[in-house]
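So this one's query-v7.txt, compact mmCIF, C-alpha atoms:
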```txt
# COMPACT_ATOMS: atom_id res chain seq x y z
CA MET A 98 -24.06 3.94 -34.87
CA GLU A 99 -22.58 3.90 -31.39
CA HIS A 100 -19.70 6.25 -30.69
CA ILE A 101 -17.47 6.87 -27.72
CA PRO A 102 -17.35 10.61 -27.02
CA ILE A 103 -14.02 12.34 -27.50
CA LEU A 104 -13.74 15.59 -25.53
CA LYS A 105 -11.31 18.32 -26.37
CA MET A 106 -9.57 20.01 -23.45
CA GLY A 107 -7.09 22.56 -24.66
CA ASP A 108 -4.31 20.69 -26.40
CA PHE A 109 -5.54 17.37 -25.16
CA LEU A 110 -8.25 14.93 -26.11
CA LEU A 111 -10.09 13.11 -23.35
CA VAL A 112 -11.64 9.72 -24.06
CA THR A 113 -13.65 8.11 -21.29
CA ILE A 114 -14.69 4.56 -21.99
CA GLN A 115 -17.86 4.06 -19.96
CA VAL A 116 -19.31 1.04 -21.71
CA ASP A 117 -18.00 -2.42 -22.32
CA MET A 118 -15.95 -2.33 -25.46
CA HIS A 119 -16.85 -4.59 -28.29
CA ASP A 120 -14.72 -4.95 -31.35
CA ARG A 121 -16.76 -2.73 -33.68
CA LEU A 122 -16.83 0.04 -31.11
CA ALA A 123 -13.07 -0.24 -30.73
CA MET A 124 -12.53 0.11 -34.47
CA THR A 125 -14.86 3.13 -34.57
CA LEU A 126 -12.92 4.70 -31.70
CA GLN A 127 -9.67 4.26 -33.61
CA ASP A 128 -11.15 5.98 -36.65
CA ASP A 129 -12.74 8.81 -34.66
CA LEU A 130 -9.71 9.43 -32.51
CA THR A 131 -7.18 9.59 -35.32
CA SER A 132 -9.33 12.08 -37.25
CA ARG A 133 -9.91 14.16 -34.11
CA ILE A 134 -6.17 14.29 -33.37
CA VAL A 135 -5.57 15.68 -36.84
CA ASP A 136 -8.54 18.09 -36.76
CA ALA A 137 -7.85 19.44 -33.30
CA HIS A 138 -4.06 19.49 -33.60
CA ALA A 139 -4.01 17.60 -30.30
CA LYS A 140 -0.72 17.18 -28.49
CA GLY A 141 -1.94 14.54 -26.09
CA VAL A 142 -4.62 11.89 -25.69
CA LEU A 143 -5.88 10.70 -22.32
CA ILE A 144 -7.86 7.47 -22.30
CA ASP A 145 -9.74 6.74 -19.09
CA ILE A 146 -10.60 3.06 -18.75
CA SER A 147 -11.63 3.10 -15.10
CA ALA A 148 -15.10 1.83 -16.01
CA LEU A 149 -13.75 -0.95 -18.19
CA GLU A 150 -14.16 -4.27 -16.42
CA ILE A 151 -13.53 -6.76 -19.17
CA VAL A 152 -10.66 -6.73 -21.61
CA ASP A 153 -9.57 -9.23 -24.17
CA SER A 154 -6.52 -9.40 -26.36
CA PHE A 155 -8.27 -7.39 -29.06
CA ILE A 156 -9.02 -4.45 -26.78
CA GLY A 157 -5.51 -4.68 -25.34
CA ARG A 158 -4.02 -4.49 -28.81
CA MET A 159 -6.37 -1.66 -29.71
CA LEU A 160 -5.01 0.40 -26.82
CA ALA A 161 -1.46 -0.24 -27.96
CA ASP A 162 -2.43 0.55 -31.56
CA ILE A 163 -4.11 3.81 -30.62
CA ALA A 164 -0.98 4.88 -28.73
CA ALA A 165 1.19 4.01 -31.72
CA MET A 166 -1.13 5.86 -34.15
CA ALA A 167 -1.21 8.90 -31.90
CA ARG A 168 2.57 8.89 -31.74
CA VAL A 169 2.76 8.90 -35.51
CA LEU A 170 0.43 11.91 -35.43
CA ASP A 171 2.74 13.57 -32.89
CA ALA A 172 0.51 13.18 -29.85
CA GLU A 173 1.28 11.49 -26.51
CA THR A 174 -1.12 8.88 -25.18
CA VAL A 175 -1.72 8.13 -21.51
CA VAL A 176 -4.01 5.32 -20.38
CA VAL A 177 -5.40 5.95 -16.91
CA GLY A 178 -7.53 4.24 -14.29
CA MET A 179 -6.85 0.65 -15.17
CA ARG A 180 -8.37 -1.77 -12.68
CA PRO A 181 -6.12 -4.32 -10.98
CA ALA A 182 -7.99 -7.25 -12.51
CA VAL A 183 -7.67 -5.71 -15.98
CA ALA A 184 -3.94 -5.12 -15.47
CA ILE A 185 -3.41 -8.73 -14.41
CA THR A 186 -5.45 -9.98 -17.38
CA LEU A 187 -3.45 -7.92 -19.86
CA VAL A 188 -0.15 -9.12 -18.41
CA GLU A 189 -1.34 -12.73 -18.49
CA LEU A 190 -2.32 -12.22 -22.13
CA GLY A 191 1.24 -11.12 -22.76
CA LEU A 192 0.22 -7.54 -23.49
CA SER A 193 2.21 -5.32 -21.19
CA LEU A 194 1.60 -2.27 -23.44
CA THR A 195 5.23 -1.21 -23.32
CA GLY A 196 4.64 1.62 -25.73
CA VAL A 197 1.81 3.16 -23.73
CA ARG A 198 2.19 5.53 -20.81
CA THR A 199 -0.01 4.81 -17.82
CA ALA A 200 -1.18 6.65 -14.73
CA LEU A 201 -3.35 5.78 -11.77
CA ASN A 202 -6.12 8.34 -12.36
CA VAL A 203 -7.15 11.17 -14.65
CA GLU A 204 -5.48 13.82 -12.49
CA ARG A 205 -2.12 12.07 -12.53
CA GLY A 206 -2.54 11.35 -16.23
CA MET A 207 -3.08 15.05 -16.98
CA ASP A 208 0.02 15.96 -14.95
CA LEU A 209 2.02 13.37 -16.85
CA LEU A 210 0.78 14.66 -20.22
CA ARG A 211 1.62 18.27 -19.36
CA LYS A 212 5.08 17.25 -18.18
CA ARG A 213 5.70 15.27 -21.36
CA ILE A 214 4.61 18.16 -23.58
CA LEU A 215 6.95 20.51 -21.73
CA GLU A 216 9.79 18.01 -22.04
CA ARG A 217 9.18 17.65 -25.73
CA LEU A 218 9.19 21.40 -26.22
CA ALA A 219 12.48 21.53 -24.34
CA ASP A 220 13.90 18.65 -26.40
CA ASP A 221 13.02 20.29 -29.69
CA GLY A 222 14.62 23.46 -28.39
CA PRO A 223 14.60 26.81 -30.13
CA ALA A 224 14.63 26.14 -33.83
CA MET B 245 -26.16 -60.59 -2.23
CA SER B 246 -29.53 -58.92 -1.63
CA ASP B 247 -30.70 -62.13 0.06
CA ARG B 248 -27.74 -62.03 2.33
CA SER B 249 -28.15 -58.38 3.32
CA LYS B 250 -31.75 -59.32 4.00
CA THR B 251 -30.53 -61.85 6.53
CA LEU B 252 -28.57 -59.16 8.35
CA ARG B 253 -31.45 -56.73 8.20
CA GLU B 254 -33.91 -59.28 9.50
CA THR B 255 -31.54 -60.14 12.30
CA ILE B 256 -31.28 -56.51 13.34
CA GLU B 257 -34.99 -55.90 12.93
CA LYS B 258 -35.81 -58.84 15.13
CA ASP B 259 -33.99 -57.49 18.15
CA GLU B 260 -32.70 -53.96 17.46
CA ALA B 261 -33.06 -52.81 21.05
CA GLY B 262 -31.26 -55.88 22.36
CA ILE B 263 -28.39 -55.54 19.91
CA LEU B 264 -28.07 -51.86 20.71
CA GLU B 265 -27.97 -52.50 24.43
CA ARG B 266 -25.35 -55.23 24.17
CA TRP B 267 -23.27 -53.15 21.77
CA ILE B 268 -23.26 -50.15 24.11
CA ASP B 269 -22.42 -52.38 27.07
CA LYS B 270 -19.50 -53.82 25.13
CA GLN B 271 -18.21 -50.41 24.24
CA LEU B 272 -18.47 -49.21 27.82
CA ALA B 273 -16.68 -52.31 29.07
CA ALA B 274 -13.91 -52.12 26.48
CA PRO B 275 -10.53 -51.00 27.85
CA SER B 276 -10.27 -48.45 25.05
CA PHE B 277 -13.41 -46.63 26.25
CA ARG B 278 -12.56 -43.03 27.09
CA SER B 279 -15.00 -41.87 29.71
CA ASP B 280 -13.01 -38.62 29.97
CA ARG B 281 -13.74 -37.73 26.34
CA ILE B 282 -17.26 -38.92 25.62
CA SER B 283 -20.28 -39.25 27.88
CA LYS B 284 -22.31 -42.42 28.18
CA THR B 285 -25.44 -40.74 26.83
CA GLU B 286 -23.61 -39.37 23.80
CA LEU B 287 -22.14 -42.77 23.03
CA ALA B 288 -25.57 -44.35 23.34
CA GLU B 289 -27.07 -41.73 21.04
CA HIS B 290 -24.36 -42.22 18.40
CA SER B 291 -24.82 -45.99 18.57
CA ARG B 292 -28.60 -45.76 18.32
CA ARG B 293 -28.51 -43.43 15.29
CA PHE B 294 -25.96 -45.52 13.50
CA LEU B 295 -27.73 -48.81 14.08
CA SER B 296 -31.14 -47.56 13.02
CA SER B 297 -29.83 -45.92 9.83
CA LEU B 298 -27.82 -49.07 9.10
CA ARG B 299 -31.01 -51.10 9.33
CA GLN B 300 -32.83 -48.68 6.99
CA SER B 301 -30.04 -48.71 4.40
CA LEU B 302 -29.80 -52.50 4.50
CA GLY B 303 -33.40 -52.45 3.35
CA SER B 304 -32.33 -50.84 0.09
CA GLY B 305 -30.74 -54.11 -0.93
CA THR B 306 -27.55 -52.66 -2.37
CA PRO B 307 -24.29 -53.41 -0.59
CA ASP B 308 -22.50 -50.41 -2.16
CA VAL B 309 -21.96 -47.95 0.71
CA GLN B 310 -21.22 -45.14 -1.79
CA SER B 311 -24.68 -45.41 -3.36
CA PRO B 312 -27.44 -42.87 -2.57
CA ALA B 313 -29.29 -45.45 -0.48
CA TRP B 314 -26.48 -45.23 2.06
CA ALA B 315 -26.34 -41.42 2.12
CA ASN B 316 -28.02 -41.34 5.51
CA VAL B 317 -25.48 -43.71 7.07
CA ARG B 318 -22.61 -41.79 5.54
CA GLN B 319 -24.01 -38.52 6.88
CA ILE B 320 -24.26 -39.96 10.40
CA LEU B 321 -20.73 -41.35 10.17
CA GLU B 322 -19.47 -37.94 9.04
CA ASP B 323 -21.17 -36.27 12.01
CA ILE B 324 -19.77 -38.82 14.42
CA SER B 325 -16.32 -38.64 12.88
CA VAL B 326 -16.24 -34.84 13.06
CA SER B 327 -17.54 -34.66 16.63
CA ARG B 328 -15.12 -37.36 17.75
CA ALA B 329 -12.20 -35.66 16.06
CA GLN B 330 -13.08 -32.51 17.98
CA GLN B 331 -13.25 -34.51 21.22
CA GLY B 332 -9.69 -35.63 20.59
CA PHE B 333 -10.25 -39.18 19.42
CA SER B 334 -7.76 -40.62 16.97
CA PRO B 335 -9.14 -41.85 13.61
CA SER B 336 -8.51 -45.46 14.56
CA GLU B 337 -10.54 -45.06 17.75
CA THR B 338 -13.42 -43.74 15.68
CA ALA B 339 -13.12 -46.70 13.31
CA LEU B 340 -13.06 -49.05 16.31
CA PHE B 341 -16.47 -47.69 17.26
CA ILE B 342 -17.85 -49.22 14.04
CA PHE B 343 -15.77 -52.39 14.25
CA SER B 344 -16.99 -53.04 17.80
CA LEU B 345 -20.47 -53.61 16.40
CA LYS B 346 -19.18 -56.72 14.60
CA GLU B 347 -18.89 -58.83 17.70
CA THR B 348 -22.45 -58.14 18.81
CA LEU B 349 -23.83 -58.74 15.34
CA PHE B 350 -21.89 -61.98 14.93
CA GLU B 351 -23.24 -63.29 18.20
CA GLN B 352 -26.75 -62.39 17.12
CA LEU B 353 -26.31 -64.03 13.70
CA ASN B 354 -24.85 -67.07 15.37
CA SER B 355 -27.86 -67.60 17.55
CA GLU B 356 -30.21 -66.98 14.63
CA LEU B 357 -28.51 -69.29 12.13
CA THR B 358 -27.14 -72.10 14.23
CA LYS B 359 -28.99 -74.59 12.07
CA ASP B 360 -27.55 -73.35 8.80
CA PRO B 361 -23.74 -73.05 8.99
CA THR B 362 -23.35 -72.13 5.29
CA ALA B 363 -25.73 -69.19 5.59
CA LEU B 364 -24.06 -68.18 8.85
CA ALA B 365 -20.62 -68.08 7.27
CA ALA B 366 -21.92 -66.08 4.31
CA ALA B 367 -23.76 -63.64 6.58
CA ILE B 368 -20.69 -63.14 8.76
CA ILE B 369 -18.44 -62.47 5.75
CA ASP B 370 -20.90 -59.92 4.37
CA THR B 371 -21.39 -58.18 7.69
CA ASN B 372 -17.64 -58.08 8.15
CA GLN B 373 -17.08 -56.54 4.73
CA LEU B 374 -19.85 -54.02 5.21
CA LEU B 375 -18.68 -52.83 8.59
CA ASP B 376 -15.06 -52.68 7.38
CA LYS B 377 -16.15 -50.37 4.58
CA LEU B 378 -18.09 -48.16 6.97
CA GLY B 379 -15.24 -48.09 9.46
CA LEU B 380 -12.77 -47.09 6.77
CA TYR B 381 -15.19 -44.43 5.61
CA THR B 382 -14.90 -42.69 9.00
CA THR B 383 -11.13 -42.66 8.54
CA GLU B 384 -11.56 -41.17 5.10
CA VAL B 385 -13.81 -38.45 6.45
CA TYR B 386 -11.24 -37.71 9.12
CA GLN B 387 -8.53 -37.48 6.46
CA THR B 388 -10.61 -35.20 4.23
CA GLY B 389 -11.26 -32.92 7.18
CA ARG B 390 -7.54 -32.72 7.89
CA GLU B 391 -6.75 -32.01 4.25
CA LYS B 392 -9.25 -29.16 4.19
CA VAL B 393 -7.54 -27.68 7.23
CA ILE B 394 -4.17 -27.96 5.51
CA VAL B 395 -5.42 -26.27 2.34
CA ARG B 396 -6.94 -23.43 4.36
CA GLN B 397 -3.73 -23.00 6.31
CA GLN B 398 -1.77 -22.94 3.08
CA GLN B 399 -3.97 -20.14 1.76
CA GLU B 400 -3.69 -18.18 4.96
CA LEU B 401 0.05 -18.64 4.98
CA MET B 402 0.17 -17.38 1.44
CA GLU B 403 -1.78 -14.27 2.28
CA LEU B 404 0.18 -13.64 5.44
CA SER B 405 3.50 -14.07 3.73
CA THR B 406 2.89 -11.39 1.12
CA PRO B 407 2.26 -8.17 2.99
CA VAL B 408 2.38 -4.86 1.17
CA VAL B 409 3.82 -2.17 3.42
CA MET B 410 3.82 1.56 2.94
CA LEU B 411 7.35 2.88 3.30
CA TRP B 412 6.57 6.49 2.56
CA ASP B 413 3.73 8.52 1.18
CA GLY B 414 3.60 7.21 -2.38
CA VAL B 415 6.12 4.41 -1.87
CA LEU B 416 5.04 0.82 -1.30
CA ALA B 417 7.30 -2.06 -0.40
CA LEU B 418 6.57 -5.70 -1.06
CA PRO B 419 8.91 -8.00 0.81
CA VAL B 420 8.61 -11.39 -0.84
CA ILE B 421 9.51 -14.27 1.46
CA GLY B 422 9.74 -17.80 0.11
CA THR B 423 9.48 -19.29 -3.34
CA LEU B 424 7.65 -17.25 -5.92
CA ASP B 425 5.49 -19.73 -7.81
CA SER B 426 2.52 -19.06 -10.09
CA SER B 427 -0.19 -19.10 -7.43
CA ARG B 428 1.89 -16.92 -5.09
CA THR B 429 2.59 -14.47 -7.90
CA GLN B 430 -1.13 -14.17 -8.45
CA VAL B 431 -1.75 -13.32 -4.79
CA VAL B 432 1.24 -10.96 -4.67
CA MET B 433 0.09 -9.18 -7.82
CA GLU B 434 -3.49 -8.77 -6.62
CA ASN B 435 -2.37 -7.47 -3.22
CA LEU B 436 0.09 -5.05 -4.72
CA LEU B 437 -2.25 -3.66 -7.36
CA GLN B 438 -5.06 -3.22 -4.87
CA ARG B 439 -2.75 -1.33 -2.53
CA ILE B 440 -1.59 0.86 -5.41
CA VAL B 441 -5.21 1.80 -6.03
CA ASP B 442 -5.88 2.34 -2.30
CA THR B 443 -2.82 4.45 -1.56
CA GLY B 444 -2.23 6.05 -4.95
CA ALA B 445 1.40 4.98 -4.75
CA LEU B 446 3.75 6.01 -7.55
CA ILE B 447 6.58 3.66 -6.75
CA ALA B 448 6.56 0.04 -5.61
CA ILE B 449 9.67 -1.67 -4.33
CA ILE B 450 9.70 -5.47 -4.65
CA ASP B 451 12.24 -6.82 -2.20
CA ILE B 452 13.39 -10.35 -2.97
CA THR B 453 15.84 -10.77 -0.07
CA GLY B 454 13.67 -13.60 1.23
CA VAL B 455 13.43 -15.45 -2.08
CA PRO B 456 15.82 -18.41 -1.84
CA THR B 457 16.30 -19.03 -5.55
CA VAL B 458 15.55 -17.10 -8.69
CA ASP B 459 15.15 -19.15 -11.83
CA THR B 460 13.78 -18.17 -15.21
CA LEU B 461 10.23 -18.83 -14.07
CA THR B 462 10.59 -16.69 -10.94
CA ALA B 463 12.11 -13.92 -13.02
CA GLN B 464 9.20 -14.13 -15.43
CA HIS B 465 6.77 -13.85 -12.52
CA LEU B 466 8.65 -10.81 -11.22
CA LEU B 467 8.54 -9.18 -14.63
CA LYS B 468 4.81 -9.87 -14.88
CA THR B 469 4.24 -8.17 -11.54
CA VAL B 470 6.32 -5.20 -12.66
CA ALA B 471 4.40 -4.95 -15.93
CA ALA B 472 1.05 -5.08 -14.16
CA ALA B 473 2.09 -2.39 -11.68
CA ARG B 474 3.25 -0.23 -14.57
CA LEU B 475 -0.16 -0.56 -16.22
CA MET B 476 -1.59 0.89 -13.01
CA GLY B 477 0.74 3.83 -13.33
CA ALA B 478 3.28 2.79 -10.70
CA ASP B 479 6.99 2.24 -11.30
CA CYS B 480 8.66 -0.80 -9.82
CA ILE B 481 12.09 -1.23 -8.34
CA ILE B 482 13.42 -4.69 -7.54
CA SER B 483 15.70 -4.75 -4.52
CA GLY B 484 17.40 -7.24 -2.24
CA ILE B 485 19.31 -9.04 -4.96
CA ARG B 486 21.96 -11.15 -3.28
CA PRO B 487 25.30 -11.75 -5.02
CA GLN B 488 24.50 -15.39 -5.81
CA ILE B 489 21.14 -14.37 -7.25
CA ALA B 490 22.82 -11.76 -9.45
CA GLN B 491 25.14 -14.47 -10.74
CA THR B 492 22.28 -16.87 -11.39
CA ILE B 493 20.29 -14.22 -13.22
CA VAL B 494 23.19 -13.50 -15.57
CA HIS B 495 24.11 -17.16 -16.05
CA LEU B 496 20.53 -18.03 -16.91
CA GLY B 497 20.45 -15.19 -19.39
CA VAL B 498 17.39 -13.66 -17.76
CA ASP B 499 16.68 -10.25 -19.18
CA LEU B 500 15.19 -7.97 -16.56
CA GLY B 501 14.78 -5.38 -19.27
CA THR B 502 14.30 -1.83 -18.16
CA VAL B 503 13.44 -2.69 -14.57
CA VAL B 504 15.54 -0.81 -12.04
CA THR B 505 17.33 -3.21 -9.70
CA LYS B 506 19.06 -2.33 -6.44
CA ALA B 507 21.13 -4.40 -4.05
CA THR B 508 19.36 -3.35 -0.89
CA LEU B 509 15.98 -2.01 0.15
CA ALA B 510 17.72 1.11 1.47
CA ASP B 511 19.13 1.91 -1.96
CA ALA B 512 15.72 1.39 -3.49
CA LEU B 513 14.08 3.69 -0.96
CA ALA B 514 16.73 6.31 -1.62
CA ILE B 515 16.04 6.33 -5.35
CA ALA B 516 12.29 6.26 -4.75
CA LEU B 517 12.53 9.35 -2.55
CA ARG B 518 14.70 11.09 -5.11
CA ARG B 519 12.15 10.40 -7.84
CA LEU B 520 9.44 11.87 -5.65
CA GLY B 521 11.60 14.95 -5.21
CA LEU B 522 12.14 14.32 -1.52
CA THR B 523 15.38 14.59 0.40
CA VAL B 524 16.25 13.25 3.80
CA VAL B 525 18.53 15.47 5.87
CA LYS B 526 20.28 15.01 9.18
CA ALA B 527 18.57 16.93 11.96
CA ALA B 528 21.77 18.40 13.43
CA THR B 529 23.62 19.42 10.29
CA THR B 530 21.06 21.46 8.43
CA GLY B 531 20.92 21.23 4.70
CA LYS B 532 23.57 18.52 4.43
CA ARG B 533 22.27 15.43 2.78
CA ARG B 534 23.48 12.00 3.63
CA PRO B 535 24.86 10.34 0.53
CA ASP B 536 23.01 7.07 1.06
CA GLY B 537 19.72 8.83 1.58
CA GLU B 538 18.84 6.82 4.67
CA ALA B 539 16.77 8.36 7.38
CA PRO B 540 19.05 9.47 10.21
CA SER B 541 18.79 7.18 13.18
CA ALA B 542 17.91 8.53 16.57
CA PRO B 543 20.83 8.86 19.01
CA SER B 544 19.45 6.13 21.26
CA ASP B 545 19.48 3.67 18.35
CA ARG B 546 23.15 4.12 17.67
CA SER B 547 25.46 1.35 18.55
CA GLU B 548 28.28 2.18 20.90
CA ASP B 549 31.28 2.54 18.69
```
Rewritten as structure tokens:
Amino acid sequence: MEHIPILKMGDFLLVTIQVDMHDRLAMTLQDDLTSRIVDAHAKGVLIDISALEIVDSFIGRMLADIAAMARVLDAETVVVGMRPAVAITLVELGLSLTGVRTALNVERGMDLLRKRILERLADDGPA
Amino acid sequence: MSDRSKTLRETIEKDEAGILERWIDKQLAAPSFRSDRISKTELAEHSRRFLSSLRQSLGSGTPDVQSPAWANVRQILEDISVSRAQQGFSPSETALFIFSLKETLFEQLNSELTKDPTALAAAIIDTNQLLDKLGLYTTEVYQTGREKVIVRQQQELMELSTPVVMLWDGVLALPVIGTLDSSRTQVVMENLLQRIVDTGALIAIIDITGVPTVDTLTAQHLLKTVAAARLMGADCIISGIRPQIAQTIVHLGVDLGTVVTKATLADALAIALRRLGLTVVKAATTGKRRPDGEAPSAPSDRSED
């Protein structure tokens, strides 16, 4: 079965979607990612969709769902590299992904993740 | 009807060269002839092409000028109409070119059918109708051409009126001038998102000083643009909200949600710079920051006060 690779980088998981997503693949990714977050004790997930040219409402919802699932598992999600056309499509579909953090590219996304993790450590404070 | 168009065709066929010559002479003699705009040879060429294609199409037997059999005539009329429009002829002058053929044809029919008044009347009515249709067609072509120009201008205006300017490294400004309708929003959004990708901007300021009215639909379009920019990883600030607009927004119950709004572009730039961790200081007084965050103006720019 087809899988989207999930790479571990320190505390973070890196998912690069390089193929056009179809619904089955999206469901598999949800399964794989949630188990990897638990296994790897990941603090953050970075999803790079710069190669994704076509989105539909299902994929849009999947992104929002993944972010929500990751949050439940105590990991931050950042979606990076969205193309302008994809952004417009998602907004027109009424999916503005309010619960998901976004960044322009992988570099910025990594910075954002690191910052968020530091903030969260500061928020929790010394126990 | 096919019998009747046959009469006209036979008449033309019998003496095409003669008809053409008389028609051209008539046009040249007419007071409306513009020798400054069109040369004699060009006029003769137009007339010859039209008459010969008219004869061919009459052979098809159908009087419907929109049918495929008349495609050739229509094409020639389009060419003539376009070239005449470029030469500065008015649409009615172009139509007169077709109508002027009537007189010559009527004379010809008259001499052919003197013995049969009924057939003559019928032939004249048909010829009249046919040439009227063709004459009006040139006007239509002219109109279509003008409409195409208007549509193109509209598009250009739309693109010109939505520039995305770079205010600072990482800060884009989008001054919106005019009504923000659906098609404009689309253009605005595409321009803005593309510039975000190109410049890697973190903050985009949408300035609506030039938007005359903000209703629920406009607000929705603004929010869409903000949401799309956020998906690209850029934060949006809406600035240039005039007092009346603020009142309208509240009265309409429009919820701008979490979008940061500022009264002026200067305020928006100030907060954008602060978010980027930048400060603007006066050159003379080192280290002292101006409270409004505006760039200090050069001495020569200052008004005498």
Who sits within 12 Å of Thr125 (chain A), all atoms listed in the file, same chain under 2 positions skipped, as an mmCIF file with C-alpha atoms, in the coordinates of the input:
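Listed below is the output, around.cif:
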```cif
data_model
loop_
_atom_site.group_PDB
_atom_site.id
_atom_site.type_symbol
_atom_site.label_atom_id
_atom_site.label_comp_id
_atom_site.auth_asym_id
_atom_site.auth_seq_id
_atom_site.Cartn_x
_atom_site.Cartn_y
_atom_site.Cartn_z
ATOM 1 C CA MET A 98 -24.060 3.940 -34.870
ATOM 2 C CA GLU A 99 -22.580 3.900 -31.390
ATOM 3 C CA HIS A 100 -19.700 6.250 -30.690
ATOM 4 C CA ILE A 101 -17.470 6.870 -27.720
ATOM 5 C CA PRO A 102 -17.350 10.610 -27.020
ATOM 6 C CA ILE A 103 -14.020 12.340 -27.500
ATOM 7 C CA MET A 118 -15.950 -2.330 -25.460
ATOM 8 C CA HIS A 119 -16.850 -4.590 -28.290
ATOM 9 C CA ASP A 120 -14.720 -4.950 -31.350
ATOM 10 C CA ARG A 121 -16.760 -2.730 -33.680
ATOM 11 C CA LEU A 122 -16.830 0.040 -31.110
ATOM 12 C CA ALA A 123 -13.070 -0.240 -30.730
ATOM 13 C CA GLN A 127 -9.670 4.260 -33.610
ATOM 14 C CA ASP A 128 -11.150 5.980 -36.650
ATOM 15 C CA ASP A 129 -12.740 8.810 -34.660
ATOM 16 C CA LEU A 130 -9.710 9.430 -32.510
ATOM 17 C CA THR A 131 -7.180 9.590 -35.320
ATOM 18 C CA SER A 132 -9.330 12.080 -37.250
ATOM 19 C CA MET A 159 -6.370 -1.660 -29.710
ATOM 20 C CA ILE A 163 -4.110 3.810 -30.620
#
```
Write out as a ChimeraX atom specification each polymer residue whose atoms come within 12 Å of Glu347 (chain B), counting only C-alpha atoms; drop sequence neighbours fewer than 5 positions from it.
/B:263-264,266-271,340-342,352-354,368,371-372,375
Would you mind listing, for every residue of chain A within 7 Å of chain B, the two atoms forming the shortest contact and the distance between them in Å to one decimal, using all atoms listed in the file, sorted by chain and ascending residue number, as JSON lines?
```
{"residue": "A:Gly178", "atom": "CA", "partner": "B:Met476", "partner_atom": "CA", "distance": 6.9}
{"residue": "A:Met179", "atom": "CA", "partner": "B:Met476", "partner_atom": "CA", "distance": 5.7}
{"residue": "A:Pro181", "atom": "CA", "partner": "B:Leu437", "partner_atom": "CA", "distance": 5.3}
{"residue": "A:Ala184", "atom": "CA", "partner": "B:Ala472", "partner_atom": "CA", "distance": 5.2}
{"residue": "A:Ile185", "atom": "CA", "partner": "B:Ala472", "partner_atom": "CA", "distance": 5.8}
{"residue": "A:Val188", "atom": "CA", "partner": "B:Ala472", "partner_atom": "CA", "distance": 6.0}
{"residue": "A:Ser193", "atom": "CA", "partner": "B:Ala471", "partner_atom": "CA", "distance": 5.7}
{"residue": "A:Thr199", "atom": "CA", "partner": "B:Gly477", "partner_atom": "CA", "distance": 4.7}
{"residue": "A:Ala200", "atom": "CA", "partner": "B:Gly477", "partner_atom": "CA", "distance": 3.7}
{"residue": "A:Leu201", "atom": "CA", "partner": "B:Gly477", "partner_atom": "CA", "distance": 4.8}
```
Restricting the output to C-alpha atoms, write the selected residues as a short mmCIF file (atom, residue, chain, number, x, y, z; two decimals), in the frame of the given file.
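In the end it all went to selection.cif:
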```
data_model
loop_
_atom_site.label_atom_id
_atom_site.label_comp_id
_atom_site.auth_asym_id
_atom_site.auth_seq_id
_atom_site.Cartn_x
_atom_site.Cartn_y
_atom_site.Cartn_z
CA GLY A 178 -7.53 4.24 -14.29
CA MET A 179 -6.85 0.65 -15.17
CA PRO A 181 -6.12 -4.32 -10.98
CA ALA A 184 -3.94 -5.12 -15.47
CA ILE A 185 -3.41 -8.73 -14.41
CA VAL A 188 -0.15 -9.12 -18.41
CA SER A 193 2.21 -5.32 -21.19
CA THR A 199 -0.01 4.81 -17.82
CA ALA A 200 -1.18 6.65 -14.73
CA LEU A 201 -3.35 5.78 -11.77
#
```
Which residue of A:Glu189, A:Asp208, A:Asp117, A:Asp220 approaches Ala148 (chain A) most closely, using all atoms listed in the file:
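Looking only at the distances to Ala148 (chain A), the closest residue turns out to be A:Asp117.
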Considering all atoms listed in the file, return as a short mmCIF file (atom, residue, chain, number, x, y, z; two decimals) with C-alpha atoms, keeping the file's coordinate frame whatever protein or nucleic-acid residues lie within 10 Å of Ile144 (chain A), sequence-local ones (same chain, fewer than 3 positions apart) excluded.
```cif
data_model
loop_
_atom_site.label_atom_id
_atom_site.label_comp_id
_atom_site.auth_asym_id
_atom_site.auth_seq_id
_atom_site.Cartn_x
_atom_site.Cartn_y
_atom_site.Cartn_z
CA ILE A 103 -14.02 12.34 -27.50
CA LEU A 110 -8.25 14.93 -26.11
CA LEU A 111 -10.09 13.11 -23.35
CA VAL A 112 -11.64 9.72 -24.06
CA THR A 113 -13.65 8.11 -21.29
CA ILE A 114 -14.69 4.56 -21.99
CA GLY A 141 -1.94 14.54 -26.09
CA SER A 147 -11.63 3.10 -15.10
CA LEU A 160 -5.01 0.40 -26.82
CA ILE A 163 -4.11 3.81 -30.62
CA ALA A 164 -0.98 4.88 -28.73
CA THR A 174 -1.12 8.88 -25.18
CA VAL A 175 -1.72 8.13 -21.51
CA VAL A 176 -4.01 5.32 -20.38
CA VAL A 177 -5.40 5.95 -16.91
CA GLY A 178 -7.53 4.24 -14.29
CA MET A 179 -6.85 0.65 -15.17
CA THR A 199 -0.01 4.81 -17.82
CA VAL A 203 -7.15 11.17 -14.65
CA GLY A 206 -2.54 11.35 -16.23
#
```
Taken to one decimal, the CA of Ser291 (chain B)-CA of Phe343 (chain B) distance is 11.9 Å
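Here CA of Arg390 (chain B) and CA of Glu322 (chain B) stand 13.1 Å from one another.
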Problem - Residue neighbourhood Val494 (chain B), 12 Å, all atoms listed in the file, exclusion window fewer than 4 positions, as a PyMOL selection string - result: chain B and resi 458-460+463+487-490+498-500
Can you work out the spacing between CA of Ser355 (chain B) and CA of Ser336 (chain B) in Å, to one decimal?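 Separation of CA of Ser355 (chain B) and CA of Ser336 (chain B): 29.6 Å.
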From B:Leu349, B:Ile450, B:Ala528, B:Ile256, residue lying nearest Val503 (chain B) [only C-alpha atoms]: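 Ranked by minimum distance to Val503 (chain B), first place goes to B:Ile450.
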